[in-house]
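What follows is my_file_11.txt (compact mmCIF, C-alpha atoms).
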# COMPACT_ATOMS: atom_id res chain seq x y z
CA MET T 99 76.29 93.63 133.74
CA SER T 100 73.54 92.70 131.28
CA LYS T 101 70.97 94.98 132.96
CA LYS T 102 73.29 97.99 132.56
CA ILE T 103 73.82 97.29 128.86
CA TYR T 104 70.08 96.89 128.29
CA PHE T 105 69.52 100.24 130.00
CA LEU T 106 72.02 101.94 127.67
CA ILE T 107 70.37 100.41 124.61
CA LEU T 108 66.92 101.57 125.74
CA THR T 109 68.31 105.05 126.40
CA ILE T 110 69.44 105.56 122.82
CA ILE T 111 66.26 104.22 121.11
CA PRO T 112 64.19 107.42 121.59
CA PHE T 113 66.92 109.52 119.94
CA LEU T 114 67.10 107.17 116.94
CA ALA T 115 63.31 107.20 116.60
CA LYS T 116 63.21 111.00 116.69
CA ALA T 117 65.90 111.20 114.02
CA SER T 118 63.81 109.16 111.59
CA ASP T 119 61.38 112.06 111.08
CA THR T 120 63.56 113.56 108.33
CA THR T 121 64.41 112.20 104.92
CA LEU T 122 68.02 113.48 105.20
CA THR T 123 69.21 110.36 106.99
CA LYS T 124 72.25 108.16 106.49
CA ASN T 125 72.81 104.92 108.35
CA THR T 126 76.07 103.00 108.73
CA ILE T 127 76.85 99.68 110.38
CA SER T 128 80.54 98.86 110.84
CA TRP T 129 82.62 95.91 112.04
CA ASN T 130 86.23 96.53 113.09
CA SER T 131 88.90 94.01 114.11
CA LYS T 132 92.42 94.99 115.12
CA ILE T 133 95.61 93.21 116.15
CA ASN T 134 98.44 95.47 117.25
CA LEU T 135 101.82 94.67 118.81
CA GLU T 136 104.45 97.40 119.30
CA SER T 137 107.69 97.89 121.23
CA ASN T 138 110.49 100.42 121.30
CA ALA T 139 113.09 97.72 122.04
CA LEU T 140 111.85 94.11 121.79
CA THR T 141 111.62 92.39 118.41
CA ILE T 142 109.22 89.84 116.96
CA ASP T 143 112.09 87.33 117.17
CA PHE T 144 112.34 87.83 120.95
CA ILE T 145 108.60 87.45 121.49
CA SER T 146 108.28 84.33 119.31
CA ARG T 147 111.26 82.67 121.00
CA MET T 148 109.96 83.43 124.47
CA LEU T 149 106.54 82.02 123.60
CA GLY T 150 107.82 79.09 121.54
CA GLY T 151 110.72 78.06 123.77
CA GLY T 152 113.82 76.32 122.51
CA PHE T 153 117.55 77.02 122.84
CA ILE T 154 118.69 80.65 122.85
CA SER T 155 122.38 81.35 122.27
CA ASP T 156 124.42 83.97 124.13
CA THR T 157 124.92 85.76 120.82
CA GLN T 158 121.17 86.15 120.42
CA LYS T 159 120.79 87.33 124.03
CA ASN T 160 123.50 89.96 123.57
CA ASN T 161 121.80 91.10 120.37
CA TRP T 162 118.52 91.65 122.22
CA ILE T 163 120.21 93.50 125.09
CA SER T 164 122.08 95.80 122.68
CA LYS T 165 118.72 97.09 121.40
CA LEU T 166 117.37 97.96 124.85
CA SER T 167 117.12 101.50 126.18
CA GLU T 168 116.86 102.84 129.72
CA ASN T 169 113.05 102.62 129.58
CA ASN T 170 111.46 99.91 127.44
CA THR T 171 107.81 99.38 126.53
CA LEU T 172 105.81 96.54 125.00
CA PHE T 173 102.15 97.17 124.12
CA SER T 174 99.57 94.92 122.49
CA GLU T 175 95.87 95.16 121.73
CA PHE T 176 93.40 92.72 120.26
CA SER T 177 89.92 94.14 119.81
CA ASN T 178 86.64 93.65 117.99
CA ASN T 179 84.01 96.36 117.60
CA ILE T 180 80.57 96.64 116.03
CA SER T 181 78.97 100.09 115.69
CA TYR T 182 75.90 101.83 114.32
CA ASN T 183 75.90 105.47 113.20
CA ARG T 184 72.95 107.56 112.04
CA ILE T 185 73.19 111.04 110.50
CA SER T 186 69.97 113.01 110.44
CA GLY T 187 70.31 116.54 109.13
CA LYS T 188 72.55 118.39 111.56
CA ASN T 189 72.42 115.61 114.16
CA SER T 190 74.35 112.36 114.42
CA PHE T 191 73.82 109.43 116.76
CA SER T 192 76.09 106.45 117.39
CA PHE T 193 76.08 103.24 119.36
CA SER T 194 78.88 100.68 119.59
CA VAL T 195 79.94 97.57 121.51
CA ALA T 196 83.59 96.50 121.70
CA ASP T 197 85.58 93.68 123.26
CA ARG T 198 89.13 94.84 124.09
CA ASN T 199 92.21 92.99 125.33
CA LEU T 200 95.13 95.21 126.35
CA ALA T 201 98.63 94.40 127.60
CA ARG T 202 101.40 96.83 128.49
CA ILE T 203 104.82 96.07 129.98
CA ALA T 204 107.42 98.67 131.00
CA PHE T 205 110.86 97.55 132.21
CA THR T 206 114.49 98.64 132.48
CA GLY T 207 117.40 97.20 130.52
CA ASP T 208 118.92 95.94 133.79
CA LEU T 209 115.93 93.67 134.41
CA MET T 210 116.38 92.03 131.02
CA LYS T 211 120.10 91.50 131.69
CA VAL T 212 119.38 89.53 134.87
CA ALA T 213 116.53 87.61 133.23
CA LEU T 214 118.74 86.45 130.34
CA PHE T 215 122.17 86.01 131.98
CA GLY T 216 121.61 85.92 135.73
CA ASN T 217 123.77 88.04 138.05
CA TYR T 218 127.20 86.41 137.53
CA ASN T 219 128.34 88.94 134.91
CA TYR T 220 127.31 91.91 137.07
CA GLN T 221 129.38 91.42 140.22
CA GLY T 222 130.01 94.74 141.96
CA ASP T 223 127.16 96.40 140.06
CA THR T 224 123.83 97.69 141.33
CA LEU T 225 121.09 96.87 138.83
CA LEU T 226 117.97 99.05 138.87
CA PHE T 227 114.43 97.81 138.23
CA ASP T 228 112.56 101.03 139.10
CA LYS T 229 109.13 101.62 137.55
CA THR T 230 108.83 98.08 136.23
CA ASN T 231 105.16 97.74 135.31
CA LEU T 232 102.89 95.00 134.00
CA ASN T 233 99.26 95.73 133.11
CA LEU T 234 96.91 93.15 131.56
CA THR T 235 93.24 94.13 131.11
CA ARG T 236 90.23 92.66 129.35
CA PHE T 237 86.95 94.58 129.21
CA GLN T 238 83.86 95.32 127.10
CA GLN T 239 83.00 98.88 126.09
CA VAL T 240 79.44 100.02 125.36
CA LYS T 241 79.41 103.53 123.89
CA ILE T 242 76.60 105.99 123.10
CA GLY T 243 77.41 109.16 121.18
CA TYR T 244 75.73 112.31 119.93
CA GLY T 245 76.95 115.08 117.59
CA ARG T 246 75.51 118.27 116.18
CA GLU T 247 76.52 120.83 113.58
CA PHE T 248 76.37 124.58 114.27
CA LYS T 249 76.76 127.68 112.14
CA ILE T 250 79.19 130.26 113.55
CA GLN T 251 79.86 133.27 111.30
CA ASP T 252 79.12 131.27 108.15
CA LYS T 253 81.43 128.50 109.37
CA THR T 254 80.20 124.98 110.06
CA VAL T 255 81.32 123.57 113.42
CA LYS T 256 80.47 120.08 114.60
CA VAL T 257 80.70 119.01 118.24
CA SER T 258 80.54 115.30 119.11
CA THR T 259 80.48 113.64 122.51
CA ALA T 260 80.17 110.05 123.70
CA LEU T 261 79.88 108.23 127.01
CA SER T 262 81.00 104.63 127.54
CA TYR T 263 80.21 102.00 130.12
CA LEU T 264 83.17 99.68 130.75
CA ASN T 265 82.53 96.12 131.92
CA GLY T 266 85.80 94.87 133.43
CA ASN T 267 86.48 91.13 133.06
CA GLN T 268 90.03 90.51 134.25
CA HIS T 269 92.92 92.64 135.41
CA LEU T 270 96.47 91.84 136.49
CA SER T 271 98.93 94.57 137.40
CA PHE T 272 102.42 94.71 138.91
CA LEU T 273 104.39 97.82 139.80
CA SER T 274 107.78 98.26 141.44
CA GLU T 275 108.13 101.90 142.50
CA LYS T 276 111.75 101.21 143.37
CA ALA T 277 113.81 98.04 143.10
CA SER T 278 117.54 97.35 142.99
CA PHE T 279 119.77 94.29 143.09
CA TYR T 280 123.44 94.30 144.13
CA THR T 281 125.83 91.36 143.75
CA ALA T 282 129.07 91.57 145.74
CA PRO T 283 132.34 90.47 144.11
CA TYR T 284 132.68 86.68 143.97
CA GLY T 285 129.03 86.43 144.96
CA THR T 286 129.73 86.66 148.70
CA TYR T 287 126.33 88.26 149.25
CA ASN T 288 123.36 89.80 147.41
CA ASP T 289 121.30 92.82 148.45
CA LEU T 290 117.75 93.19 147.15
CA GLU T 291 115.66 96.29 147.83
CA TYR T 292 112.11 96.61 146.52
CA ASP T 293 108.75 98.34 146.90
CA ILE T 294 106.14 96.28 145.05
CA THR T 295 102.38 96.58 144.54
CA ALA T 296 100.46 93.90 142.65
CA PHE T 297 96.78 93.32 141.96
CA ALA T 298 94.80 90.43 140.50
CA THR T 299 91.07 89.98 139.99
CA ASP T 300 89.28 86.86 141.11
CA THR T 301 90.42 84.10 138.72
CA ALA T 302 87.74 81.74 140.09
CA ASN T 303 85.19 83.79 138.08
CA PHE T 304 87.06 83.59 134.80
CA ASN T 305 84.83 83.78 131.74
CA TYR T 306 84.50 86.06 128.75
CA PHE T 307 81.91 88.45 130.15
CA GLU T 308 82.33 88.17 133.93
CA ASN T 309 81.84 91.47 135.76
CA ASN T 310 84.81 91.98 138.09
CA GLY T 311 84.70 95.74 137.77
CA SER T 312 82.88 98.67 136.20
CA GLY T 313 83.96 102.01 134.81
CA VAL T 314 83.22 104.90 132.47
CA ALA T 315 84.98 106.67 129.61
CA PHE T 316 84.36 109.97 127.84
CA ASP T 317 84.87 111.18 124.24
CA PHE T 318 84.89 114.69 122.81
CA GLU T 319 85.58 115.87 119.26
CA LEU T 320 85.48 119.31 117.63
CA ASN T 321 85.42 119.61 113.82
CA PHE T 322 85.55 122.83 111.84
CA GLN T 323 86.70 124.13 108.45
CA LEU T 324 88.81 127.16 107.55
CA LYS T 325 89.02 127.84 103.84
CA GLU T 326 89.80 124.47 102.23
CA LYS T 327 91.23 122.80 105.32
CA LYS T 328 89.26 120.70 107.80
CA TYR T 329 90.41 120.53 111.40
CA SER T 330 89.62 117.96 114.08
CA ILE T 331 90.56 118.19 117.76
CA TYR T 332 89.65 115.10 119.75
CA LEU T 333 89.79 113.28 123.06
CA PHE T 334 88.87 109.57 122.99
CA ASP T 335 88.52 107.00 125.78
CA LEU T 336 89.41 109.12 128.79
CA GLY T 337 88.28 106.65 131.44
CA TYR T 338 88.95 104.12 134.14
CA ILE T 339 87.67 100.89 135.69
CA ASN T 340 87.01 100.40 139.41
CA TRP T 341 87.74 96.75 140.16
CA LYS T 342 85.74 94.92 142.83
CA GLU T 343 86.94 94.44 146.38
CA SER T 344 86.90 90.65 145.90
CA ALA T 345 90.24 90.97 144.10
CA LEU T 346 93.58 90.51 145.89
CA LYS T 347 96.03 93.37 146.36
CA TYR T 348 99.63 92.63 147.33
CA ASN T 349 102.07 95.07 148.96
CA THR T 350 105.65 94.69 150.14
CA ASP T 351 108.42 97.18 150.86
CA THR T 352 111.67 95.81 152.28
CA THR T 353 115.42 95.36 152.00
CA TYR T 354 116.68 91.78 151.87
CA SER T 355 120.26 90.51 152.11
CA PHE T 356 121.20 86.97 151.10
CA LYS T 357 124.59 85.62 152.28
CA GLY T 358 124.20 82.01 151.28
CA PHE T 359 123.59 78.86 153.34
CA GLU T 360 125.80 77.80 156.24
CA ILE T 361 126.53 74.04 156.37
CA ASP T 362 128.30 72.81 159.52
CA ASN T 363 128.90 69.25 158.39
CA LEU T 364 129.15 68.55 154.69
CA LEU T 365 128.74 64.79 155.29
CA GLU T 366 125.33 65.35 156.89
CA PHE T 367 124.11 67.64 154.10
CA ASN T 368 120.73 66.70 152.56
CA ASP T 369 117.73 68.31 150.90
CA SER T 370 115.85 68.78 154.16
CA LEU T 371 118.63 70.97 155.56
CA LEU T 372 118.58 73.08 152.41
CA GLU T 373 114.81 73.47 152.59
CA LYS T 374 115.03 74.51 156.25
CA GLU T 375 117.58 77.23 155.45
CA ALA T 376 115.53 78.42 152.46
CA ASP T 377 112.35 78.65 154.53
CA GLN T 378 114.19 80.76 157.11
CA TYR T 379 115.23 83.26 154.43
CA LEU T 380 111.81 83.30 152.82
CA GLU T 381 110.27 84.36 156.14
CA ASP T 382 112.10 87.67 155.73
CA ILE T 383 110.33 88.32 152.44
CA TYR T 384 106.92 89.40 153.72
CA LEU T 385 104.13 89.82 151.19
CA ASN T 386 100.97 91.42 152.51
CA ALA T 387 97.88 90.21 150.65
CA LYS T 388 94.35 91.48 151.29
CA LYS T 389 91.08 91.87 149.48
CA ASP T 390 90.83 95.37 148.14
CA ASN T 391 89.57 97.45 145.23
CA ILE T 392 91.70 99.35 142.77
CA LYS T 393 91.26 101.81 139.91
CA SER T 394 93.03 101.28 136.59
CA TYR T 395 93.05 103.56 133.55
CA ILE T 396 92.50 102.62 129.93
CA PRO T 397 94.63 104.29 127.20
CA ALA T 398 93.18 107.71 126.32
CA ASN T 399 93.94 109.40 122.99
CA PHE T 400 94.39 113.16 122.47
CA GLY T 401 95.07 114.56 119.04
CA LEU T 402 94.75 116.97 116.17
CA LYS T 403 94.06 116.22 112.48
CA ILE T 404 94.26 118.55 109.47
CA GLU T 405 92.72 117.47 106.16
CA ALA T 406 93.14 119.31 102.85
CA PRO T 407 92.52 118.57 99.17
CA LEU T 408 95.41 118.14 96.74
CA ASN T 409 95.41 119.35 93.15
CA ASP T 410 97.78 116.56 92.25
CA LEU T 411 97.88 114.04 89.44
CA TYR T 412 98.38 111.13 91.83
CA PHE T 413 96.77 112.03 95.17
CA ASN T 414 93.33 113.45 96.00
CA LYS T 415 93.91 114.79 99.53
CA TYR T 416 96.15 114.48 102.57
CA ILE T 417 95.70 114.23 106.33
CA PHE T 418 98.35 115.36 108.79
CA GLY T 419 97.93 114.57 112.46
CA VAL T 420 99.51 114.15 115.87
CA ASN T 421 98.31 111.77 118.58
CA LEU T 422 99.17 111.46 122.28
CA LYS T 423 98.24 108.74 124.78
CA TRP T 424 97.52 109.17 128.48
CA GLN T 425 97.61 106.19 130.85
CA PRO T 426 99.19 106.45 134.34
CA TYR T 427 100.27 103.32 136.18
CA GLN T 428 98.00 103.86 139.17
CA ASP T 429 95.52 106.20 140.83
CA ASN T 430 97.98 107.72 143.31
CA MET T 431 97.24 111.47 143.23
CA LEU T 432 94.46 113.98 142.67
CA LEU T 433 93.89 115.62 139.30
CA SER T 434 96.60 118.23 138.79
CA LEU T 435 99.22 119.29 136.27
CA GLU T 436 101.57 116.73 137.81
CA LYS T 437 98.94 114.00 137.38
CA ILE T 438 98.37 114.97 133.73
CA LEU T 439 102.09 114.88 132.96
CA GLN T 440 102.42 111.59 134.82
CA GLY T 441 99.84 109.96 132.56
CA PHE T 442 101.64 111.05 129.38
CA TYR T 443 105.05 109.93 130.63
CA GLU T 444 103.98 106.57 132.07
CA SER T 445 102.01 105.63 128.95
CA GLY T 446 105.34 104.81 127.24
CA TYR T 447 103.95 106.45 124.10
CA SER T 448 105.85 109.29 122.45
CA PRO T 449 104.01 111.92 120.31
CA TYR T 450 102.86 110.15 117.13
CA PHE T 451 103.10 112.28 113.98
CA TYR T 452 101.61 110.92 110.76
CA LEU T 453 100.90 111.95 107.18
CA LYS T 454 98.53 109.98 104.95
CA THR T 455 97.32 110.56 101.39
CA TYR T 456 94.50 109.16 99.25
CA LYS T 457 94.85 107.71 95.76
CA GLN T 458 92.07 106.19 93.65
CA TYR T 459 93.43 103.28 91.68
CA LYS T 460 90.98 101.37 89.45
CA GLY T 461 88.38 99.84 91.77
CA ALA T 462 90.29 100.49 95.01
CA LEU T 463 91.22 103.45 97.17
CA LEU T 464 94.83 103.36 98.37
CA ILE T 465 95.79 105.20 101.58
CA PRO T 466 99.56 105.18 102.19
CA GLN T 467 100.92 106.59 105.44
CA ILE T 468 104.26 107.62 106.92
CA ALA T 469 104.60 108.16 110.69
CA ILE T 470 107.07 108.49 113.52
CA GLY T 471 106.68 108.04 117.28
CA GLY T 472 104.15 106.00 119.21
CA TYR T 473 105.15 102.94 121.20
CA THR T 474 107.94 102.05 118.75
CA GLN T 475 109.26 105.66 118.74
CA LYS T 476 110.56 104.94 115.23
CA LEU T 477 109.73 105.71 111.60
CA SER T 478 106.95 103.49 110.25
CA PHE T 479 105.01 103.02 107.01
CA GLY T 480 101.39 102.01 106.64
CA LEU T 481 99.00 101.13 103.86
CA THR T 482 95.23 100.80 103.80
CA THR T 483 93.28 99.47 100.84
CA GLN T 484 89.57 100.21 100.54
CA PHE T 485 87.32 98.34 98.14
CA PHE T 486 83.89 99.33 96.83
CA LYS T 487 82.26 102.76 97.33
CA LYS T 488 78.92 102.68 99.13
CA SER T 489 79.48 99.65 101.35
CA THR T 490 83.23 99.39 101.89
CA LEU T 491 85.83 96.85 102.94
CA GLN T 492 89.14 98.08 104.37
CA LEU T 493 92.30 96.05 104.93
CA GLY T 494 95.26 97.80 106.49
CA CYS T 495 98.60 97.63 108.23
CA GLN T 496 100.21 100.46 110.22
CA HIS T 497 103.67 98.86 110.18
CA LEU T 498 104.30 97.73 106.63
CA GLU T 499 108.05 97.78 107.32
CA SER T 500 107.57 94.68 109.50
CA VAL T 501 107.00 92.67 106.31
CA PHE T 502 110.53 93.52 105.14
CA LYS T 503 112.30 93.44 108.53
CA GLY T 504 110.75 90.11 109.46
CA LYS T 505 111.89 88.81 112.85
CA ASP T 506 113.88 92.02 113.51
CA SER T 507 110.75 94.17 113.39
CA ASN T 508 109.49 95.93 116.53
CA ALA T 509 105.83 95.92 115.50
CA LEU T 510 103.04 93.88 113.96
CA SER T 511 99.63 95.33 113.09
CA VAL T 512 96.67 94.23 111.01
CA TYR T 513 93.15 95.64 110.93
CA LEU T 514 89.92 94.90 109.08
CA GLN T 515 86.84 97.09 108.65
CA MET T 516 83.56 96.21 106.96
CA ARG T 517 81.08 99.07 106.55
CA LEU T 518 77.50 98.86 105.31
CA LYS T 519 75.74 102.12 104.36
CA PHE T 520 71.99 102.41 103.79
How does the structure come out when it is put into structure tokens?
Amino acid sequence: MSKKIYFLILTIIPFLAKASDTTLTKNTISWNSKINLESNALTIDFISRMLGGGFISDTQKNNWISKLSENNTLFSEFSNNISYNRISGKNSFSFSVADRNLARIAFTGDLMKVALFGNYNYQGDTLLFDKTNLNLTRFQQVKIGYGREFKIQDKTVKVSTALSYLNGNQHLSFLSEKASFYTAPYGTYNDLEYDITAFATDTANFNYFENNGSGVAFDFELNFQLKEKKYSIYLFDLGYINWKESALKYNTDTTYSFKGFEIDNLLEFNDSLLEKEADQYLEDIYLNAKKDNIKSYIPANFGLKIEAPLNDLYFNKYIFGVNLKWQPYQDNMLLSLEKILQGFYESGYSPYFYLKTYKQYKGALLIPQIAIGGYTQKLSFGLTTQFFKKSTLQLGCQHLESVFKGKDSNALSVYLQMRLKF
């Protein structure tokens, strides 16, 4: 892993040296940290209680279930990034290193019902667990970028591209293409049908920078101006990681019926008889495990931004934008329209529309934001505060409403950016 990163660093040095020939240079070093937790159904109260343990009343369980939809998503990211950017005339060069920890869970409301109450209350019902997905990934991202401005009919157009190397540390995934659970009246028997694929990297090599897989990602951005408005069309982090064959891949596809244990003589009943009966049933649940490789996708962002000045007493300018995410569960088909639509649908991320404005207030720049969509699929409010002018410090939150909703909030986000210009 280290040799590949050194090669990328050495690749960019000649470009940076060439750019230093002009006096029209600007250099920026930035540090970014982000914590983000979002869900369209689960609340902070649910997550804290699950992690912290303790007694959970039926009233609280019913309250959680009432907020579930047919398809539920929980997404979290914790990341740190350091980057260097150099603008030299019409050219720009960038280099960044990031450590990213991503988690995404997709599940049906029926799965949560069984998890919280068991199957007693659902006699005679068939509960569906289709498309239940768990994806946990940790990786480092080393990115090199280049941009250039062009003149087209007296209009300035800037095209920027970047290529990333992804060093995969750990990955755990679980996917049930189809799964259902039926409980007969009075619990006389249970039918379980499932098609499950799971994957786990080698946990024996667990450390912060272990190379259990490698991948690439691609960025593209187009910026141009029409009259007073600036437009930006972008594609960020379109990429994947190929995990090593040393990892274990699990597959099972079966139908299983459980009719209870038969006990001939109640007086001779003991634990060993129960274990013998249980082992006999468990033999029917066959789980095929083998060493294999797998490809997983990281969340890609597609979007459009429009920026325009405001002749307003309170606000200097505004930015309106829309963002989409693309991240399919698995690499199960060739690139096609169906594959593209699959990635948008399975990401669990609805189109994210946002509007932000800028207000200078004493020594700080205030950037309020209103948005709807994303993983929460709800209306949200954000606020970023920027201090200083040349070298800046930004503190922000994309879900300010979580401060007021408290434990009933569906999101928690905090980010910090320190930028040094020279």
Checklist entry - Need the neighbours of (109.6, 90.7, 112.3): which residues are at most 12 Å away, counting all atoms listed in the file, as number ranges by chain? => result T: 135-137, 140-147, 497-511
Item to check | Residues within 7 Å of (98.4, 118.2, 123.3), file coords, only C-alpha atoms, listed as a ChimeraX atom specification | outcome: /T:400-401,422
Just to be explicit: take each residue in the selection above, keep C-alpha atoms, and write the result as a PDB file, in the coordinates of the input.
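What ended up in part.pdb:
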ATOM      1  CA  PHE T 400      94.390 113.160 122.470  1.00  0.00           C
ATOM      2  CA  GLY T 401      95.070 114.560 119.040  1.00  0.00           C
ATOM      3  CA  LEU T 422      99.170 111.460 122.280  1.00  0.00           C
TER       4      LEU T 422
END
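One distance worth recording is that between atom CA of T:Ala298 and atom CA of T:Phe272, which is 8.9 Å.
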Checklist entry - Leaving out stretch 329-339 of chain T and any residue of its chain fewer than 4 positions from it, which residues lie within 8 Å of it when counting all atoms listed in the file, given as a ChimeraX atom specification? => result /T:264-266,311-324,393-405
Please, what is the axis-aligned box for every listed atom of stretch 471-489 of chain T with 3 Å on each side, as centre and edge lengths in Å to one decimal, as lines of an AutoDock Vina configuration file?
center_x = 94.7
center_y = 103.2
center_z = 109.0
size_x = 37.6
size_y = 15.7
size_z = 30.4
Next on the checklist: Using only C-alpha atoms, which protein or nucleic acid residues come within 10 Å of T:Asp156? Drop anything in the same chain fewer than 5 positions from it, and give the result as number ranges by chain.
Outcome noted: T: 161-162, 214-215
Item to check | Using all atoms listed in the file: which of T:Tyr220, T:Phe193, T:Phe248, T:Tyr450 has the shortest distance to T:Tyr473 | outcome: T:Tyr450
Would you pick out the contacts of T:Tyr416 at 12 Å or less, using all atoms listed in the file, so that residues sharing its chain but fewer than 4 positions from it are not included, and give the list as a PDB file with C-alpha atoms, keeping the file's coordinate frame?
ATOM      1  CA  GLU T 326      89.800 124.470 102.230  1.00  0.00           C
ATOM      2  CA  LYS T 327      91.230 122.800 105.320  1.00  0.00           C
ATOM      3  CA  LYS T 328      89.260 120.700 107.800  1.00  0.00           C
ATOM      4  CA  LYS T 403      94.060 116.220 112.480  1.00  0.00           C
ATOM      5  CA  ILE T 404      94.260 118.550 109.470  1.00  0.00           C
ATOM      6  CA  GLU T 405      92.720 117.470 106.160  1.00  0.00           C
ATOM      7  CA  ALA T 406      93.140 119.310 102.850  1.00  0.00           C
ATOM      8  CA  PRO T 407      92.520 118.570  99.170  1.00  0.00           C
ATOM      9  CA  LEU T 408      95.410 118.140  96.740  1.00  0.00           C
ATOM     10  CA  ASN T 409      95.410 119.350  93.150  1.00  0.00           C
ATOM     11  CA  ASP T 410      97.780 116.560  92.250  1.00  0.00           C
ATOM     12  CA  TYR T 412      98.380 111.130  91.830  1.00  0.00           C
ATOM     13  CA  TYR T 452     101.610 110.920 110.760  1.00  0.00           C
ATOM     14  CA  LEU T 453     100.900 111.950 107.180  1.00  0.00           C
ATOM     15  CA  LYS T 454      98.530 109.980 104.950  1.00  0.00           C
ATOM     16  CA  THR T 455      97.320 110.560 101.390  1.00  0.00           C
ATOM     17  CA  TYR T 456      94.500 109.160  99.250  1.00  0.00           C
ATOM     18  CA  LYS T 457      94.850 107.710  95.760  1.00  0.00           C
ATOM     19  CA  LEU T 464      94.830 103.360  98.370  1.00  0.00           C
ATOM     20  CA  ILE T 465      95.790 105.200 101.580  1.00  0.00           C
ATOM     21  CA  PRO T 466      99.560 105.180 102.190  1.00  0.00           C
ATOM     22  CA  GLN T 467     100.920 106.590 105.440  1.00  0.00           C
ATOM     23  CA  ILE T 468     104.260 107.620 106.920  1.00  0.00           C
TER      24      ILE T 468
END
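In this model, the gap between atom CA of T:Ser167 and atom CA of T:Thr206 comes to 7.4 Å.
Taking only C-alpha atoms into account, T:Lys165 lies nearest to T:Gly207 out of the set T:Gly472, T:Gly151, T:Gly207, T:Gly187.
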Item to check | Interatomic distance (Å, one decimal) between atom CA of T:Lys241 and atom CA of T:Leu433 | outcome: 24.4 Å
Checklist entry - Which residues, written as number ranges by chain, have at least one atom at most 10 Å from T:Phe173, with all atoms listed in the file counted and residues fewer than 4 positions away on the same chain left out? => result T: 134-138, 200-204, 233-234, 445-447, 473-474, 509
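Restricting the calculation to all atoms listed in the file, the smallest distance between T:Asn217 and any of T:Phe191, T:Asp289, T:Gln158, T:Lys253 is found for T:Asp289.
Nearest residue to T:Val212, choosing from T:Ser271, T:Thr286, T:Thr281, T:Thr171 and counting all atoms listed in the file: T:Thr281.
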Item to check | T:Leu493 surroundings by all atoms listed in the file, 6 Å radius, close-in-sequence under 2 positions cut, as a list in words | outcome: Thr482, Thr483 and Leu514 of chain T
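Considering only C-alpha atoms, the residue among T:Gly441, T:Lys188, T:Phe176, T:Asn170 positioned nearest to T:Thr254 is T:Lys188.
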